[in-house]
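J.: Got run00.txt for you, compact mmCIF, C-alpha atoms:
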# COMPACT_ATOMS: atom_id res chain seq x y z
CA MET A 1 13.33 -1.66 44.54
CA GLU A 2 13.22 -4.83 42.44
CA THR A 3 16.51 -6.01 40.96
CA ASN A 4 17.72 -9.08 39.10
CA THR A 5 21.37 -9.64 38.22
CA ASN A 6 20.86 -13.07 36.66
CA PRO A 7 17.50 -13.09 34.83
CA GLN A 8 16.04 -16.24 33.32
CA ILE A 9 14.04 -14.27 30.73
CA SER A 10 15.04 -11.21 28.73
CA ILE A 11 12.04 -9.24 27.49
CA VAL A 12 12.88 -7.20 24.40
CA THR A 13 10.68 -4.21 23.60
CA ILE A 14 11.16 -2.07 20.49
CA THR A 15 9.61 1.39 20.56
CA ARG A 16 9.39 4.63 18.65
CA ASN A 17 7.04 7.45 19.67
CA ARG A 18 4.65 5.22 21.63
CA ALA A 19 4.21 7.47 24.67
CA GLY A 20 0.48 6.75 24.62
CA PHE A 21 0.97 2.99 24.84
CA ILE A 22 4.27 2.05 26.48
CA ALA A 23 3.11 2.45 30.09
CA LYS A 24 0.50 -0.30 29.53
CA ALA A 25 3.16 -2.57 28.07
CA ILE A 26 5.49 -2.03 31.05
CA GLU A 27 2.66 -2.44 33.57
CA SER A 28 1.73 -5.78 32.00
CA VAL A 29 5.32 -6.97 32.57
CA LEU A 30 5.30 -5.80 36.17
CA LYS A 31 2.10 -7.77 36.82
CA GLN A 32 3.71 -11.06 35.80
CA GLY A 33 3.90 -13.66 38.58
CA PHE A 34 7.27 -14.81 37.21
CA SER A 35 9.84 -12.32 38.50
CA SER A 36 13.22 -13.47 37.12
CA TRP A 37 13.26 -11.15 34.11
CA GLU A 38 14.91 -8.09 32.64
CA LEU A 39 13.08 -5.66 30.38
CA LEU A 40 15.25 -4.20 27.62
CA ILE A 41 13.61 -1.23 25.91
CA LEU A 42 15.23 -0.26 22.59
CA ASP A 43 14.09 3.18 21.44
CA GLU A 44 14.38 4.28 17.82
CA ASP A 45 15.00 7.97 18.66
CA SER A 46 11.57 8.86 20.10
CA ASN A 47 10.72 12.54 20.56
CA ASP A 48 7.26 12.30 22.12
CA GLY A 49 8.02 11.78 25.83
CA THR A 50 8.53 8.03 25.69
CA GLU A 51 11.91 8.39 27.41
CA ALA A 52 10.49 10.22 30.44
CA ILE A 53 7.80 7.54 30.91
CA VAL A 54 10.37 4.74 30.81
CA GLU A 55 12.74 6.57 33.17
CA ALA A 56 9.96 6.91 35.74
CA TYR A 57 9.56 3.12 35.77
CA MET A 58 13.32 2.57 35.82
CA SER A 59 13.59 4.64 39.00
CA LYS A 60 11.36 2.09 40.73
CA ASP A 61 12.59 -1.16 39.19
CA ASN A 62 16.20 -1.98 38.30
CA ARG A 63 15.10 -4.82 36.06
CA ILE A 64 14.16 -2.26 33.38
CA GLU A 65 16.88 -0.97 31.04
CA TYR A 66 16.53 1.75 28.41
CA HIS A 67 18.69 2.14 25.31
CA LYS A 68 17.97 5.08 23.01
CA ASN A 69 19.38 5.10 19.51
CA THR A 70 20.46 8.47 18.12
CA SER A 71 19.44 7.37 14.64
CA THR A 72 16.99 4.88 13.19
CA LEU A 73 18.60 1.43 12.96
CA GLY A 74 15.64 -0.33 11.39
CA ILE A 75 13.48 -2.98 13.00
CA SER A 76 15.70 -6.04 12.48
CA LYS A 77 18.93 -4.36 13.58
CA ASN A 78 17.18 -3.00 16.65
CA ARG A 79 15.81 -6.42 17.56
CA ASN A 80 19.31 -7.86 17.15
CA LEU A 81 20.67 -5.11 19.40
CA GLY A 82 18.24 -6.30 22.04
CA LEU A 83 19.38 -9.90 21.52
CA SER A 84 23.01 -8.88 21.95
CA LYS A 85 22.27 -7.15 25.26
CA ALA A 86 20.05 -9.93 26.63
CA ARG A 87 21.36 -12.02 29.52
CA GLY A 88 18.42 -14.40 29.87
CA LYS A 89 18.17 -18.02 28.84
CA TYR A 90 14.95 -17.16 27.01
CA ILE A 91 13.81 -14.18 24.95
CA ALA A 92 10.27 -12.86 25.23
CA VAL A 93 9.12 -10.18 22.80
CA LEU A 94 6.68 -7.41 23.72
CA ASP A 95 6.32 -4.50 21.33
CA SER A 96 5.57 -1.19 22.99
CA ASP A 97 1.99 -0.83 21.73
CA ASP A 98 1.01 -4.32 22.90
CA GLU A 99 0.45 -5.75 26.39
CA TRP A 100 0.23 -9.10 28.15
CA VAL A 101 -3.22 -9.86 29.55
CA ASP A 102 -2.35 -13.13 31.30
CA ASN A 103 -0.32 -12.55 34.46
CA ASP A 104 1.02 -16.13 34.28
CA LYS A 105 2.14 -15.85 30.65
CA LEU A 106 5.88 -15.94 31.36
CA GLN A 107 5.56 -18.72 33.93
CA LYS A 108 3.56 -20.97 31.59
CA GLN A 109 5.96 -20.54 28.70
CA PHE A 110 9.06 -20.85 30.86
CA ASP A 111 7.77 -24.09 32.40
CA PHE A 112 6.92 -25.52 28.97
CA LEU A 113 10.35 -24.82 27.46
CA GLU A 114 12.12 -26.12 30.55
CA LYS A 115 10.21 -29.41 30.34
CA ASN A 116 10.31 -29.79 26.55
CA GLN A 117 13.88 -29.41 25.34
CA ASP A 118 12.96 -30.34 21.76
CA TYR A 119 10.90 -27.15 21.41
CA VAL A 120 12.58 -23.89 20.39
CA LEU A 121 9.69 -21.46 20.82
CA ILE A 122 6.22 -21.03 22.25
CA GLY A 123 3.64 -18.37 21.43
CA SER A 124 -0.08 -18.08 22.13
CA ASN A 125 -3.34 -16.81 20.80
CA ILE A 126 -3.97 -13.08 21.05
CA LYS A 127 -6.78 -10.58 21.03
CA ILE A 128 -6.58 -7.81 18.44
CA VAL A 129 -7.82 -4.41 19.62
CA ASN A 130 -8.02 -0.89 18.23
CA GLU A 131 -6.22 2.11 19.72
CA LYS A 132 -9.04 2.56 22.25
CA GLY A 133 -8.61 -1.00 23.47
CA GLU A 134 -11.86 -2.16 21.88
CA LEU A 135 -11.91 -5.77 20.71
CA ILE A 136 -11.65 -6.39 16.96
CA GLU A 137 -11.18 -10.15 17.06
CA ASN A 138 -9.65 -13.07 18.92
CA THR A 139 -7.26 -15.31 17.03
CA ASN A 140 -7.52 -19.06 16.67
CA PHE A 141 -3.99 -20.09 15.70
CA LYS A 142 -2.84 -23.68 15.53
CA THR A 143 -1.31 -24.91 18.78
CA GLU A 144 0.64 -28.06 17.90
CA ASP A 145 3.89 -28.26 15.93
CA THR A 146 2.59 -30.38 13.04
CA ASP A 147 -0.42 -28.12 12.49
CA ILE A 148 1.62 -24.92 12.85
CA ARG A 149 4.01 -26.14 10.14
CA LYS A 150 1.13 -26.79 7.74
CA LYS A 151 -0.11 -23.21 8.01
CA ILE A 152 2.87 -21.00 8.85
CA LEU A 153 4.08 -20.26 5.31
CA ILE A 154 0.60 -19.20 4.21
CA SER A 155 -0.22 -17.30 7.40
CA ASN A 156 2.16 -16.72 10.32
CA GLN A 157 0.82 -18.65 13.32
CA ILE A 158 3.11 -17.16 15.99
CA PRO A 159 2.25 -13.61 17.13
CA HIS A 160 5.53 -11.84 17.85
CA SER A 161 4.48 -10.14 21.10
CA SER A 162 3.29 -13.49 22.45
CA VAL A 163 6.46 -15.48 21.74
CA MET A 164 9.21 -16.84 23.95
CA TYR A 165 12.21 -18.55 22.35
CA ARG A 166 15.59 -19.95 23.31
CA LYS A 167 18.31 -17.29 23.14
CA GLU A 168 21.07 -19.84 22.52
CA THR A 169 19.26 -21.17 19.46
CA ALA A 170 18.50 -17.70 18.12
CA ASP A 171 22.16 -16.73 18.51
CA LYS A 172 23.19 -19.92 16.72
CA ILE A 173 21.19 -18.98 13.61
CA GLY A 174 22.34 -15.35 13.66
CA GLY A 175 19.24 -13.71 15.10
CA TYR A 176 16.97 -11.63 12.89
CA ASP A 177 17.82 -11.04 9.24
CA ASN A 178 19.05 -7.44 9.03
CA LYS A 179 18.09 -7.29 5.35
CA LEU A 180 14.39 -7.58 6.19
CA SER A 181 12.47 -4.39 6.94
CA CYS A 182 9.38 -6.36 8.00
CA VAL A 183 8.22 -9.98 8.36
CA GLU A 184 11.47 -10.46 10.30
CA ASP A 185 9.58 -12.39 12.96
CA LEU A 186 8.25 -15.02 10.53
CA ASP A 187 11.72 -15.43 9.05
CA LEU A 188 13.20 -16.02 12.50
CA PHE A 189 10.51 -18.53 13.45
CA LEU A 190 10.99 -20.51 10.24
CA ARG A 191 14.73 -20.75 10.83
CA LEU A 192 14.21 -21.72 14.47
CA GLY A 193 11.66 -24.31 13.33
CA LYS A 194 14.33 -26.09 11.30
CA ILE A 195 16.13 -26.82 14.58
CA GLY A 196 13.27 -27.67 16.91
CA LYS A 197 9.51 -27.78 17.43
CA MET A 198 7.04 -24.90 17.75
CA LYS A 199 4.07 -24.51 20.09
CA ASN A 200 1.24 -22.09 20.86
CA LEU A 201 -0.71 -21.87 24.08
CA GLU A 202 -4.40 -22.09 23.24
CA LYS A 203 -5.21 -19.37 25.78
CA ILE A 204 -5.01 -15.68 24.86
CA THR A 205 -2.06 -14.11 26.70
CA THR A 206 -1.48 -10.95 24.68
CA SER A 207 -3.35 -7.90 23.41
CA TYR A 208 -2.16 -6.63 20.02
CA THR A 209 -3.01 -3.09 18.91
CA ARG A 210 -4.09 -2.56 15.30
CA HIS A 211 -3.67 1.13 14.48
CA SER A 212 -6.44 3.04 12.76
CA GLN A 213 -4.22 4.97 10.35
CA GLY A 214 -3.76 1.73 8.42
CA THR A 215 -0.82 0.85 6.20
CA SER A 216 0.31 2.81 3.15
CA GLN A 217 0.26 1.15 -0.26
CA LYS A 218 4.04 1.38 -0.40
CA ARG A 219 4.34 -0.34 2.97
CA LYS A 220 1.86 -3.04 1.94
CA LEU A 221 3.93 -3.78 -1.15
CA GLU A 222 7.10 -3.89 0.96
CA MET A 223 5.47 -6.37 3.36
CA ALA A 224 4.19 -8.52 0.48
CA TRP A 225 7.63 -8.61 -1.15
CA ASN A 226 9.39 -9.47 2.13
CA HIS A 227 6.86 -12.24 2.73
CA PHE A 228 7.55 -13.63 -0.75
CA VAL A 229 11.33 -13.55 -0.09
CA VAL A 230 10.94 -15.37 3.23
CA ILE A 231 8.73 -18.07 1.72
CA PHE A 232 11.06 -18.52 -1.27
CA LYS A 233 14.01 -19.05 1.11
CA ASN A 234 12.14 -21.99 2.62
CA PHE A 235 11.61 -23.98 -0.56
CA GLY A 236 10.77 -27.56 0.38
CA LYS A 237 11.39 -26.97 4.10
CA TYR A 238 7.75 -26.65 5.19
CA PRO A 239 4.43 -28.11 3.99
CA ASN A 240 2.25 -26.24 1.47
CA TRP A 241 5.20 -24.29 0.06
CA PHE A 242 3.72 -24.10 -3.46
CA THR A 243 0.38 -22.77 -2.22
CA ALA A 244 2.16 -20.21 -0.04
CA ILE A 245 4.32 -18.95 -2.92
CA VAL A 246 1.23 -18.54 -5.15
CA PHE A 247 -0.56 -16.54 -2.44
CA ALA A 248 2.57 -14.44 -1.88
CA LYS A 249 2.77 -13.58 -5.60
CA LEU A 250 -0.90 -12.63 -5.62
CA ARG A 251 -0.32 -10.29 -2.64
CA ILE A 252 2.46 -8.55 -4.55
CA LEU A 253 0.31 -8.13 -7.66
CA LYS A 254 -2.60 -6.86 -5.60
CA ASN A 255 -0.44 -4.12 -4.16
CA ILE A 256 1.15 -3.13 -7.49
CA PHE A 257 -2.08 -2.56 -9.38
Produce structure tokens that represent the structure in this file.
T.:
Amino acid sequence: METNTNPQISIVTITRNRAGFIAKAIESVLKQGFSSWELLILDEDSNDGTEAIVEAYMSKDNRIEYHKNTSTLGISKNRNLGLSKARGKYIAVLDSDDEWVDNDKLQKQFDFLEKNQDYVLIGSNIKIVNEKGELIENTNFKTEDTDIRKKILISNQIPHSSVMYRKETADKIGGYDNKLSCVEDLDLFLRLGKIGKMKNLEKITTSYTRHSQGTSQKRKLEMAWNHFVVIFKNFGKYPNWFTAIVFAKLRILKNIF
């Protein structure tokens, strides 16, 4: 049985009723060549058998921990709960309906952050698939810090399930903003980016699932408003702020009318 009492990387996975997906996510962690990790699974009160699936993996690998909330905390509070429990030097995020498709993903990102102390985070390109695993598109995000900064307010360049960031730095800025019900990842990255540089691996390391049921109009408006709030908070801190705020306002109007 694998065990790790002093992990270098803490992988934080948020889940709720993802019994049909979470095994793939866990398997993709187990396939990683880098072995000094812990997997913290934070469950928002699932009732679909997710717990039994996770417990089966836990019985074989002590590096996996499961924490089930008896009520819904909300996405940001749950991510912060994972941060508070993490023991690793670095945090890697993997949501329960996504998976890593590069078995050297953790090793590459760990090596980069170890060698480049002026960088606070590193993500990668991803492939977007439907619930059947069929390819929708591959991303082509910017890879270098200067280029990421030029685009990130208009369109987030760091896919959350691909990212690895420094825990110490995230703790220093207070982790995720508990007031945000979405776009909490972009907000975190922008605050981290005020302290250090950002990077993306050009290679695709992660598969992101886009669900067919789509997003409700109410949820779209919530996301648009949160995006506007996050951009407004970063007035003058990143390039193309004015363009980003105009686009954000247009997204809000589009989802009102």
J.: Excluding Asp97 in chain A and any residue of its chain fewer than 5 positions from it, enumerate the residues within 7 Å of it, using all atoms listed in the file, and give them as a count of residues only.
T.: 5
J.: Find the nearest atom pair between each residue of range 42-157 of chain A and range 165-182 of chain A for residues within 7 Å, count only C-alpha atoms, give distances in Å to one decimal, sort rows by chain and ascending number, and present the table as JSON lines.
T.:
{"residue": "A:Gly74", "atom": "CA", "partner": "A:Ser181", "partner_atom": "CA", "distance": 6.8}
{"residue": "A:Ile75", "atom": "CA", "partner": "A:Ser181", "partner_atom": "CA", "distance": 6.3}
{"residue": "A:Ser76", "atom": "CA", "partner": "A:Asn178", "partner_atom": "CA", "distance": 5.0}
{"residue": "A:Lys77", "atom": "CA", "partner": "A:Asn178", "partner_atom": "CA", "distance": 5.5}
{"residue": "A:Asn80", "atom": "CA", "partner": "A:Tyr176", "partner_atom": "CA", "distance": 6.2}
{"residue": "A:Lys89", "atom": "CA", "partner": "A:Lys167", "partner_atom": "CA", "distance": 5.7}
{"residue": "A:Tyr90", "atom": "CA", "partner": "A:Arg166", "partner_atom": "CA", "distance": 4.7}
{"residue": "A:Ile91", "atom": "CA", "partner": "A:Tyr165", "partner_atom": "CA", "distance": 5.3}
{"residue": "A:Ala92", "atom": "CA", "partner": "A:Tyr165", "partner_atom": "CA", "distance": 6.7}
{"residue": "A:Val120", "atom": "CA", "partner": "A:Tyr165", "partner_atom": "CA", "distance": 5.7}
{"residue": "A:Leu121", "atom": "CA", "partner": "A:Tyr165", "partner_atom": "CA", "distance": 4.1}
{"residue": "A:Ile122", "atom": "CA", "partner": "A:Tyr165", "partner_atom": "CA", "distance": 6.5}
J.: For the residues selected in the previous step, produce a file with C-alpha atoms as a PDB file, keeping the file's coordinate frame.
T.:
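Resulting contents of part-v1.pdb:
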ATOM      1  CA  GLY A  74      15.640  -0.330  11.390  1.00  0.00           C
ATOM      2  CA  ILE A  75      13.480  -2.980  13.000  1.00  0.00           C
ATOM      3  CA  SER A  76      15.700  -6.040  12.480  1.00  0.00           C
ATOM      4  CA  LYS A  77      18.930  -4.360  13.580  1.00  0.00           C
ATOM      5  CA  ASN A  80      19.310  -7.860  17.150  1.00  0.00           C
ATOM      6  CA  LYS A  89      18.170 -18.020  28.840  1.00  0.00           C
ATOM      7  CA  TYR A  90      14.950 -17.160  27.010  1.00  0.00           C
ATOM      8  CA  ILE A  91      13.810 -14.180  24.950  1.00  0.00           C
ATOM      9  CA  ALA A  92      10.270 -12.860  25.230  1.00  0.00           C
ATOM     10  CA  VAL A 120      12.580 -23.890  20.390  1.00  0.00           C
ATOM     11  CA  LEU A 121       9.690 -21.460  20.820  1.00  0.00           C
ATOM     12  CA  ILE A 122       6.220 -21.030  22.250  1.00  0.00           C
TER      13      ILE A 122
END
J.: The residues within 12 Å of (-1.6, -15.8, 35.7), using only C-alpha atoms and the coordinates of the file, should be reported as a PyMOL selection string; which are they?
T.: chain A and resi 28-29+31-34+100-109+203-205
J.: Suppose you want the space between CA of Ile126 in chain A and CA of Leu201 in chain A; what is it in Å?
T.: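 Separating CA of Ile126 in chain A from CA of Leu201 in chain A is a distance of 9.9 Å.
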J.: Hey, can you check how far CA of Ser59 in chain A sits from CA of Arg79 in chain A?
T.: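 We find that CA of Ser59 in chain A and CA of Arg79 in chain A lie 24.2 Å from each other.
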J.: When you draw a straight line from CA of Ile128 in chain A to CA of Ser207 in chain A, how long is it in Å?
T.: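 Those two atoms sit 5.9 Å apart.
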J.: Set up a box along x, y and z of the file covering all listed atoms of range 100-111 of chain A, add 8 Å on every one of the six sides, and write the centre and edge lengths in Å to one decimal, as AutoDock Vina command-line options.
T.:
--center_x 2.9 --center_y -16.6 --center_z 31.3 --size_x 28.3 --size_y 31.0 --size_z 22.3
J.: Using all atoms listed in the file, determine which residues lie at most 8 Å from Glu131 in chain A, disregarding the query and same-chain residues fewer than 6 positions distant; provide the list as a short mmCIF file (atom, residue, chain, number, x, y, z; two decimals) with C-alpha atoms, keeping the file's coordinate frame.
T.:
data_model
loop_
_atom_site.label_atom_id
_atom_site.label_comp_id
_atom_site.auth_asym_id
_atom_site.auth_seq_id
_atom_site.Cartn_x
_atom_site.Cartn_y
_atom_site.Cartn_z
CA THR A 209 -3.01 -3.09 18.91
CA ARG A 210 -4.09 -2.56 15.30
CA HIS A 211 -3.67 1.13 14.48
CA SER A 212 -6.44 3.04 12.76
#
J.: Identify which of the residues A:Ala86, A:Leu42, A:Ile256, A:Leu250 lies closest to Tyr66 in chain A, counting all atoms listed in the file when measuring atom-to-atom distances.
T.: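 When distances to Tyr66 in chain A are compared using all atoms listed in the file, the smallest one comes from A:Leu42.
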J.: Would you pick out the contacts of Ile26 in chain A at 10 Å or less, using all atoms listed in the file, so that residues sharing its chain but fewer than 3 positions from it are not included, and give the list as a PyMOL selection string?
T.: chain A and resi 13+21-23+29-31+39+41+53-54+57+64+94+96+98-100
J.: Give me the residues near Arg149 in chain A as an NGL selection string, where near means some atom within 7 Å (using all atoms listed in the file) and where sequence neighbours in that chain fewer than 4 positions away do not count.
T.: :A and (145 or 238-239)
J.: So, counting all atoms listed in the file, which residue among A:His160, A:Lys127, A:Arg191, A:Lys60 is closest to Ile11 in chain A?
T.: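 Ranked by minimum distance to Ile11 in chain A, first place goes to A:His160.
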J.: Mind checking which residues fall within 7 Å of Leu153 in chain A, counting all atoms listed in the file, ignoring those fewer than 5 positions away in the same chain, and posting them as a list in words?
T.: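 Within the cut-off, the hits are Ile231, Trp241 and Ala244 of chain A.
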J.: When distances are computed from all atoms listed in the file, which of A:Gln157, A:Phe242, A:Asp147, A:Asn226 shows the smallest separation from Val183 in chain A?
T.: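 Once distances to Val183 in chain A are computed over all atoms listed in the file, the minimum belongs to A:Asn226.
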